[in-house]
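See below for the structure under consideration.
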Amino acid sequence: DLHLSIRRQRQMCIRDRILTANDNFQKVMGYGLDEIVGKHHSMFVPEEITNTAEYKSFWKKLGSGEFLSGAFPRKRKNGQLLWLESTYNPVFDGKGKLIKVVKFASDITERRNERALLQSVFEAISSSQAVIEFDLDGNILNANENFLSVMGYSLNEIKGKHHSMFVPKEFRNTSEYRSFWQSLNQGKFQAGQFNRVGKGGKEIWIEATYNPVLDAVGNPIKVIKFATDVTEQTKLLLNLKQMIDGNFAEIDGNINDLSLIHISEPTRQAEIS
């Protein structure tokens, strides 16, 4: 862990000066101890934050003896941004007077960057696809505007309800549908083309993936579905299939008629003879 100790001194103004820091803190921030002792904490804070009301409030709370914790953006000696998960711990003397603040921190920059990357990817997908989230029981947690637009609902109309509201009635109580959710609960990815029902009974076809989201130890905690509306294309294909099937049926009928003609022709000739 990183450790930083800061003195609280009350004079005409409040000063927050660095008393000491351990080797881990120095290494992460890129400073030697002689470069930071006696300096103000703001030397580690991005300039766009130091003059904000939020930063002033931060030190006001610590000055009143309040414990603070969270993930904070900070800057190294070379100006590079990093994220620290920190606790700021007020220390009091025997009379209850605040004498300093001790900070314990961990560098979470890599984790934060990975999260930012995943969030960017998720937002990119969400901007072009219909996205909906479920708990493991199939209850709806959230849905984006693309999904709501395709299905014809508002979020208030579907949140907390079960996924089966989008499924044709004849499929809801089947073993196949139960098996579908059992597989998701086991962390198994599901993908395919699905027939769904929108508001007012509108028939909708989607190309979708159901993605179990796992916790740190690999247990499923929810399901995120990414989908694309393929109703128009699917109906076109179904109509084409119906037309082709009809044509084949007509051809079969014509072939059968020809067969009957061929069979009856020798019989008619025999009668004439």
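The way I read the labels, and the way they are meant: chains A, B, ... in the order of the structure tokens, residue 1 as the first residue of every chain, and ligand 1 as the first ligand shown, with later ones counted on from there.
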Stretch 198-210 of chain A: which residues within 6 Å, counting only C-alpha atoms, same-chain residues fewer than 4 positions away excluded, as a short mmCIF file (atom, residue, chain, number, x, y, z; two decimals) with N, CA, C and O atoms, in the first residue's frame?
data_model
loop_
_atom_site.label_atom_id
_atom_site.label_comp_id
_atom_site.auth_asym_id
_atom_site.auth_seq_id
_atom_site.Cartn_x
_atom_site.Cartn_y
_atom_site.Cartn_z
N MET A 151 -39.06 -2.65 -29.63
CA MET A 151 -40.15 -3.39 -29.00
C MET A 151 -41.40 -2.54 -28.79
O MET A 151 -42.48 -3.07 -28.52
N GLY A 152 -41.24 -1.21 -28.84
CA GLY A 152 -42.40 -0.33 -28.72
C GLY A 152 -42.81 0.01 -27.31
O GLY A 152 -43.91 0.52 -27.07
N PHE A 189 -23.22 -19.02 -22.90
CA PHE A 189 -23.58 -18.03 -23.91
C PHE A 189 -24.63 -18.60 -24.86
O PHE A 189 -24.56 -19.76 -25.25
N GLN A 190 -25.64 -17.79 -25.22
CA GLN A 190 -26.69 -18.22 -26.14
C GLN A 190 -26.77 -17.23 -27.30
O GLN A 190 -26.72 -16.01 -27.09
N ALA A 191 -26.90 -17.74 -28.51
CA ALA A 191 -26.98 -16.86 -29.68
C ALA A 191 -27.87 -17.49 -30.73
O ALA A 191 -28.04 -18.71 -30.80
N GLY A 192 -28.47 -16.63 -31.57
CA GLY A 192 -29.29 -17.14 -32.64
C GLY A 192 -30.28 -16.11 -33.13
O GLY A 192 -30.21 -14.93 -32.76
N GLN A 193 -31.21 -16.57 -33.93
CA GLN A 193 -32.30 -15.72 -34.43
C GLN A 193 -33.56 -16.12 -33.67
O GLN A 193 -33.90 -17.30 -33.60
N PHE A 194 -34.24 -15.12 -33.12
CA PHE A 194 -35.36 -15.41 -32.22
C PHE A 194 -36.62 -14.66 -32.66
O PHE A 194 -36.55 -13.49 -33.04
N ILE A 224 -26.64 -9.93 -20.15
CA ILE A 224 -26.81 -8.80 -21.06
C ILE A 224 -27.06 -9.34 -22.47
O ILE A 224 -26.33 -10.21 -22.95
N LYS A 225 -28.09 -8.82 -23.07
CA LYS A 225 -28.46 -9.26 -24.42
C LYS A 225 -28.20 -8.13 -25.41
O LYS A 225 -28.60 -6.99 -25.20
N PHE A 226 -27.49 -8.46 -26.49
CA PHE A 226 -27.27 -7.54 -27.61
C PHE A 226 -28.07 -8.07 -28.80
O PHE A 226 -27.97 -9.26 -29.13
N ALA A 227 -28.83 -7.19 -29.42
CA ALA A 227 -29.71 -7.66 -30.49
C ALA A 227 -29.79 -6.68 -31.64
O ALA A 227 -29.61 -5.47 -31.47
N THR A 228 -30.10 -7.23 -32.81
CA THR A 228 -30.33 -6.45 -34.01
C THR A 228 -31.69 -6.84 -34.58
O THR A 228 -32.01 -8.03 -34.65
N ASP A 229 -32.46 -5.86 -34.94
CA ASP A 229 -33.79 -6.11 -35.52
C ASP A 229 -33.63 -6.61 -36.96
O ASP A 229 -33.13 -5.89 -37.83
N VAL A 230 -34.03 -7.85 -37.19
CA VAL A 230 -33.95 -8.42 -38.54
C VAL A 230 -35.34 -8.81 -39.03
O VAL A 230 -35.48 -9.70 -39.88
N THR A 231 -36.35 -8.13 -38.52
CA THR A 231 -37.74 -8.47 -38.86
C THR A 231 -37.99 -8.38 -40.37
O THR A 231 -38.55 -9.31 -40.97
#
- Message: For the structure I just gave you, how does DSSP split stretch 71-253 of chain A - specifically, which residues are alpha helix (DSSP H)? Reply as a VMD selection string.
- Response: chain A and resid 109 to 128 145 to 151 155 to 158 169 to 172 175 to 185 231 to 253
- Item | A:Ala71 environment, 9 Å, only C-alpha atoms, sequence neighbours closer than 2 positions dropped, as a PyMOL selection string | chain A and resi 69+73+83-87+108
Return as a tab-separated table the residues of stretch 39-126 of chain A lying at most 12 Å from stretch 136-149 of chain A, together with the closest atom-to-atom pair for each and the distance in Å to one decimal, counting only C-alpha atoms, with rows in chain order and ascending residue number.
residue	atom	partner	partner_atom	distance
A:Phe122	CA	A:Asn144	CA	11.5
A:Glu123	CA	A:Asn144	CA	10.3
A:Ile125	CA	A:Asn146	CA	10.7
A:Ser126	CA	A:Asn144	CA	7.2
Write a file of the just-selected residues containing C-alpha atoms, as a PDB file, in the first residue's frame.
ATOM      1  CA  PHE A 122     -20.158  -1.249 -24.379  1.00  0.00           C
ATOM      2  CA  GLU A 123     -21.252   2.279 -25.297  1.00  0.00           C
ATOM      3  CA  ILE A 125     -22.217  -1.427 -29.110  1.00  0.00           C
ATOM      4  CA  SER A 126     -25.163   0.230 -27.357  1.00  0.00           C
TER       5      SER A 126
END
- Can you tell me, as a list in words, what residues are no more than 7 Å from stretch 39-45 of chain A when counting only C-alpha atoms, ignoring any on the same chain fewer than 3 positions away? Asp16, Arg17, Ile18, Ile36, Ile49, Thr50, Arg74, Lys75 and Arg76 of chain A
- Message: Need the shell around A:Lys188: protein/DNA/RNA residues with any atom at most 7 Å away, counting only C-alpha atoms. Skip same-chain ones fewer than 3 positions apart. Format as a list in words?
- Response: Ser183, Leu184 and Pro212 of chain A
- Query: Which neighbours of A:Phe171 fall inside 12 Å, counting only C-alpha atoms, when residues of the same chain fewer than 4 positions from it are skipped, and could you give them as a VMD selection string?
  - Reply: chain A and resid 164 to 167 175 to 180 194 to 197
- Message: Based on the backbone DSSP call, show me all residues of stretch 207-243 of chain A assigned strand (DSSP E or B), as a VMD selection string.
- Response: chain A and resid 207 to 214 220 to 229
- Task: For atom CA of A:Leu19 and atom CA of A:Asp93, quote the distance in Å rounded to one decimal.
- Result: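 If I compute the distance from atom CA of A:Leu19 to atom CA of A:Asp93, I get 16.4 Å.
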- Excluding stretch 54-68 of chain A and any residue of its chain fewer than 6 positions from it, enumerate the residues within 9 Å of it, using only C-alpha atoms, and give them as JSON, numbers by chain. {"A": [8, 14, 16, 86, 87, 88, 89, 90, 91, 92, 97, 98, 101]}
